[in-house]
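Data from my_file35.txt: compact mmCIF, C-alpha atoms
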```
# COMPACT_ATOMS: atom_id res chain seq x y z
CA MET A 1 114.26 166.63 142.77
CA ALA A 2 110.83 167.04 141.22
CA ARG A 3 107.47 165.97 142.60
CA VAL A 4 106.04 163.89 139.75
CA LEU A 5 102.47 162.73 139.23
CA LEU A 6 102.74 159.62 137.03
CA ILE A 7 99.57 158.33 135.36
CA ASP A 8 99.59 154.99 133.53
CA ASP A 9 96.98 152.23 133.53
CA ASP A 10 99.53 149.45 132.93
CA ALA A 11 100.79 148.43 136.38
CA ALA A 12 104.12 147.02 135.15
CA ILE A 13 104.95 150.11 133.10
CA ARG A 14 103.79 152.41 135.90
CA GLU A 15 105.98 150.61 138.46
CA THR A 16 109.04 150.42 136.19
CA THR A 17 108.76 154.09 135.25
CA ALA A 18 108.21 155.15 138.86
CA ILE A 19 111.26 153.20 140.04
CA ARG A 20 113.44 154.72 137.31
CA LEU A 21 112.25 158.22 138.17
CA GLN A 22 112.89 157.58 141.87
CA ILE A 23 116.40 156.32 141.10
CA GLY A 24 116.82 159.58 139.19
CA GLY A 25 116.08 161.44 142.44
CA HIS A 26 112.42 162.34 141.93
CA HIS A 27 109.51 161.93 144.33
CA VAL A 28 106.82 160.02 142.42
CA ILE A 29 103.11 159.65 143.17
CA THR A 30 101.35 157.21 140.85
CA ALA A 31 97.80 156.91 139.59
CA ALA A 32 96.25 154.16 137.48
CA SER A 33 93.38 156.17 136.03
CA PRO A 34 92.39 159.73 135.17
CA ARG A 35 89.94 159.77 138.10
CA GLU A 36 92.67 158.68 140.52
CA ALA A 37 95.07 161.25 139.02
CA LEU A 38 92.60 164.09 139.55
CA SER A 39 92.07 162.96 143.14
CA MET A 40 95.84 162.80 143.74
CA ALA A 41 96.32 166.25 142.22
CA ALA A 42 93.66 167.67 144.55
CA ASP A 43 94.83 165.85 147.70
CA HIS A 44 98.60 166.25 147.52
CA PRO A 45 100.91 169.23 147.70
CA ARG A 46 101.79 170.86 144.42
CA PHE A 47 103.39 168.69 141.75
CA ASP A 48 106.22 169.96 139.58
CA VAL A 49 105.25 167.89 136.55
CA ALA A 50 102.69 165.31 135.45
CA VAL A 51 103.58 162.38 133.21
CA LEU A 52 100.53 161.18 131.30
CA ASP A 53 100.11 157.97 129.35
CA LEU A 54 98.60 158.80 125.97
CA HIS A 55 96.34 155.75 125.95
CA LEU A 56 94.26 155.44 129.10
CA PRO A 57 90.98 153.53 129.43
CA ARG A 58 87.77 155.60 129.31
CA GLN A 59 89.75 158.86 128.95
CA ASP A 60 92.90 159.36 126.92
CA GLY A 61 95.78 161.48 128.15
CA ASP A 62 94.63 164.46 126.10
CA GLU A 63 91.21 164.34 127.77
CA LEU A 64 92.91 164.20 131.17
CA LEU A 65 95.02 167.18 130.12
CA ASP A 66 91.80 169.14 129.46
CA LEU A 67 90.56 168.28 132.97
CA LEU A 68 93.88 169.28 134.56
CA ARG A 69 93.82 172.60 132.67
CA ALA A 70 90.25 173.28 133.81
CA ASN A 71 91.24 172.92 137.50
CA ARG A 72 92.78 176.05 139.07
CA ALA A 73 95.15 173.97 141.21
CA THR A 74 96.63 172.14 138.20
CA ALA A 75 96.02 174.56 135.32
CA GLY A 76 99.69 175.51 135.07
CA LEU A 77 101.14 172.06 135.77
CA PRO A 78 103.74 171.08 133.14
CA VAL A 79 102.68 167.88 131.39
CA VAL A 80 104.79 165.29 129.59
CA PHE A 81 103.03 162.74 127.40
CA TYR A 82 104.69 159.34 127.62
CA SER A 83 103.65 155.97 126.29
CA ALA A 84 105.55 152.73 126.11
CA ASN A 85 102.95 151.50 123.62
CA ALA A 86 103.16 154.29 121.05
CA PRO A 87 106.26 153.80 118.89
CA HIS A 88 104.71 155.83 116.07
CA ALA A 89 103.92 159.49 115.64
CA THR A 90 100.86 160.68 117.52
CA SER A 91 99.16 164.02 117.89
CA VAL A 92 97.52 165.60 120.90
CA HIS A 93 95.48 168.76 120.57
CA GLY A 94 96.98 169.16 117.11
CA LEU A 95 100.57 169.07 118.35
CA SER A 96 102.84 166.53 116.70
CA LEU A 97 104.57 164.12 119.01
CA ALA A 98 106.67 162.72 116.19
CA ASP A 99 109.99 163.76 117.74
CA THR A 100 112.04 160.56 117.70
CA GLY A 101 113.53 161.52 121.05
CA LEU A 102 110.12 161.07 122.62
CA THR A 103 109.27 157.73 121.07
CA SER A 104 112.46 155.74 120.53
CA GLY A 105 115.96 155.09 121.76
CA ARG A 106 116.20 155.38 125.53
CA PRO A 107 112.73 156.65 126.43
CA LEU A 108 113.17 156.55 130.22
CA ASN A 109 116.42 158.51 129.98
CA ASN A 110 114.68 161.01 127.69
CA LEU A 111 111.80 161.25 130.17
CA LEU A 112 114.23 161.93 133.03
CA ALA A 113 115.97 164.65 131.03
CA THR A 114 112.63 166.26 130.19
CA ILE A 115 111.49 166.23 133.83
CA ASP A 116 114.83 167.70 134.90
CA CYS A 117 114.38 170.56 132.40
CA LEU A 118 110.79 171.25 133.43
CA SER A 119 111.43 171.18 137.16
CA HIS A 120 114.28 173.73 137.21
```

I need this file expressed as structure tokens, please.
Amino acid sequence: MARVLLIDDDAAIRETTAIRLQIGGHHVITAASPREALSMAADHPRFDVAVLDLHLPRQDGDELLDLLRANRATAGLPVVFYSANAPHATSVHGLSLADTGLTSGRPLNNLLATIDCLSH
């Protein structure tokens, strides 16, 4: 079981993803914004992985990643970028996210498998 920090501004997607991760055996703390995510990361025991939406209001996921990396408590936190609204290739910090396993097929199952790998 991993402790997951899930950040997504879309309430329906956030709730659906959180429920699926919980069914998969993970403890999930959710945040609707980068500001809330940073507060959660500071106020809660260590997370095993953060799941960031790529497209957040006011700050995108890559900007939130920069803030997490700048904080000593979260600098080494594994991060998975996940977006239900990005069916096309995207790049973050110059890294291609074009892997079809990340953006198509059974994305929640792929997310679960990724979290399982990162938390062991």

query = If you count all atoms listed in the file, which residues fall within 10 Å of region 69-82 of chain A, apart from same-chain ones fewer than 6 positions away, as JSON, numbers by chain?
reply = {"A": [4, 5, 6, 7, 8, 38, 41, 42, 45, 46, 47, 48, 49, 50, 51, 52, 53, 54, 55, 61, 62, 63, 92, 97, 102, 103, 107, 108, 111, 114, 115, 118, 119]}

ask   = Of the candidates A:Arg58, A:Arg3, A:His120, A:His44, which shows the shortest atom-to-atom distance to Gly25 (chain A), using all atoms listed in the file?
value =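 Of A:Arg58, A:Arg3, A:His120, A:His44, the one nearest Gly25 (chain A), counting all atoms listed in the file, is A:Arg3.
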
request  = Point out the residue among A:Ala12, A:Leu56, A:Ser83, A:Leu112 with the least atom-to-atom distance to Pro34 (chain A), counting only C-alpha atoms.
outcome  =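 Checking each of A:Ala12, A:Leu56, A:Ser83, A:Leu112 against Pro34 (chain A), counting only C-alpha atoms, the winner is A:Leu56.
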
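Interatomic distance, CA of Glu15 (chain A) against CA of Glu36 (chain A): 15.7 Å.
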
Using the file's own x, y and z axes, so that the box edges lie along x, y and z, what centre and edge lengths in Å (one decimal) does a box around every listed atom of region 61-71 of chain A get when 6 Å is added on each side? Give it as lines of an AutoDock Vina configuration file.
```
center_x = 93.0
center_y = 167.4
center_z = 131.8
size_x = 17.5
size_y = 23.8
size_z = 23.4
```

query = Separation of CA of Asp116 (chain A) and CA of Thr16 (chain A), in Å?
reply =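 Pair CA of Asp116 (chain A) / CA of Thr16 (chain A) returns 18.3 Å.
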
request  = Excluding Met40 (chain A) and any residue of its chain fewer than 5 positions from it, enumerate the residues within 9 Å of it, using only C-alpha atoms, and give them as number ranges by chain.
outcome  = A: 5, 29-31, 35

task = Quote the spacing between CA of Leu65 (chain A) and CA of Asp43 (chain A) in Å to one decimal place.
result = 17.6 Å

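In terms of minimum interatomic distance to Ala11 (chain A), A:Ala32 ranks closest within A:Cys117, A:Ala37, A:Ala32, A:Leu67, counting all atoms listed in the file.
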
Quick one: region 71-82 of chain A with all heavy atoms, as a compact mmCIF listing (two decimals), keeping the file's coordinate frame?
```txt
# COMPACT_ATOMS: atom_id res chain seq x y z
N ASN A 71 91.16 172.82 136.04
CA ASN A 71 91.24 172.92 137.50
C ASN A 71 92.26 173.99 137.87
O ASN A 71 93.40 173.94 137.44
CB ASN A 71 91.65 171.55 138.05
CG ASN A 71 91.71 171.52 139.56
OD1 ASN A 71 92.02 172.51 140.21
ND2 ASN A 71 91.41 170.36 140.11
N ARG A 72 91.86 174.96 138.68
CA ARG A 72 92.78 176.05 139.07
C ARG A 72 94.06 175.54 139.70
O ARG A 72 95.14 176.10 139.47
CB ARG A 72 92.08 177.00 140.03
CG ARG A 72 91.10 177.91 139.35
CD ARG A 72 90.45 178.86 140.30
NE ARG A 72 91.43 179.58 141.12
CZ ARG A 72 91.14 180.44 142.04
NH1 ARG A 72 89.88 180.72 142.28
NH2 ARG A 72 92.07 181.05 142.74
N ALA A 73 93.98 174.48 140.50
CA ALA A 73 95.15 173.97 141.21
C ALA A 73 96.17 173.33 140.26
O ALA A 73 97.36 173.28 140.58
CB ALA A 73 94.72 172.95 142.26
N THR A 74 95.72 172.85 139.11
CA THR A 74 96.63 172.14 138.20
C THR A 74 96.70 172.78 136.81
O THR A 74 97.34 172.23 135.91
CB THR A 74 96.20 170.67 138.04
OG1 THR A 74 94.83 170.62 137.60
CG2 THR A 74 96.35 169.90 139.34
N ALA A 75 96.08 173.93 136.65
CA ALA A 75 96.02 174.56 135.32
C ALA A 75 97.40 174.84 134.73
O ALA A 75 97.61 174.73 133.53
CB ALA A 75 95.20 175.85 135.38
N GLY A 76 98.36 175.18 135.56
CA GLY A 76 99.69 175.51 135.07
C GLY A 76 100.71 174.38 135.20
O GLY A 76 101.90 174.58 134.96
N LEU A 77 100.26 173.20 135.57
CA LEU A 77 101.14 172.06 135.77
C LEU A 77 101.78 171.63 134.45
O LEU A 77 101.07 171.33 133.49
CB LEU A 77 100.35 170.90 136.37
CG LEU A 77 101.10 169.60 136.66
CD1 LEU A 77 102.13 169.82 137.76
CD2 LEU A 77 100.10 168.52 137.07
N PRO A 78 103.11 171.60 134.36
CA PRO A 78 103.74 171.08 133.14
C PRO A 78 103.38 169.61 132.95
O PRO A 78 103.34 168.84 133.92
CB PRO A 78 105.24 171.24 133.41
CG PRO A 78 105.34 172.27 134.47
CD PRO A 78 104.11 172.09 135.32
N VAL A 79 103.10 169.24 131.71
CA VAL A 79 102.68 167.88 131.39
C VAL A 79 103.60 167.30 130.33
O VAL A 79 103.93 167.96 129.35
CB VAL A 79 101.22 167.86 130.89
CG1 VAL A 79 100.85 166.50 130.35
CG2 VAL A 79 100.28 168.27 132.02
N VAL A 80 104.01 166.04 130.56
CA VAL A 80 104.79 165.29 129.59
C VAL A 80 103.95 164.09 129.19
O VAL A 80 103.50 163.33 130.05
CB VAL A 80 106.12 164.80 130.19
CG1 VAL A 80 106.88 163.95 129.19
CG2 VAL A 80 106.97 165.96 130.67
N PHE A 81 103.71 163.93 127.89
CA PHE A 81 103.03 162.74 127.40
C PHE A 81 104.07 161.66 127.19
O PHE A 81 105.12 161.89 126.60
CB PHE A 81 102.29 163.02 126.09
CG PHE A 81 101.04 163.80 126.29
CD1 PHE A 81 101.03 165.16 126.10
CD2 PHE A 81 99.87 163.18 126.70
CE1 PHE A 81 99.87 165.90 126.30
CE2 PHE A 81 98.73 163.88 126.90
CZ PHE A 81 98.71 165.26 126.71
N TYR A 82 103.74 160.45 127.68
CA TYR A 82 104.69 159.34 127.62
C TYR A 82 103.89 158.07 127.42
O TYR A 82 102.89 157.85 128.09
CB TYR A 82 105.46 159.28 128.95
CG TYR A 82 106.46 158.18 129.03
CD1 TYR A 82 107.69 158.29 128.40
CD2 TYR A 82 106.20 157.02 129.75
CE1 TYR A 82 108.63 157.29 128.49
CE2 TYR A 82 107.13 156.02 129.85
CZ TYR A 82 108.35 156.15 129.21
OH TYR A 82 109.27 155.15 129.29
```
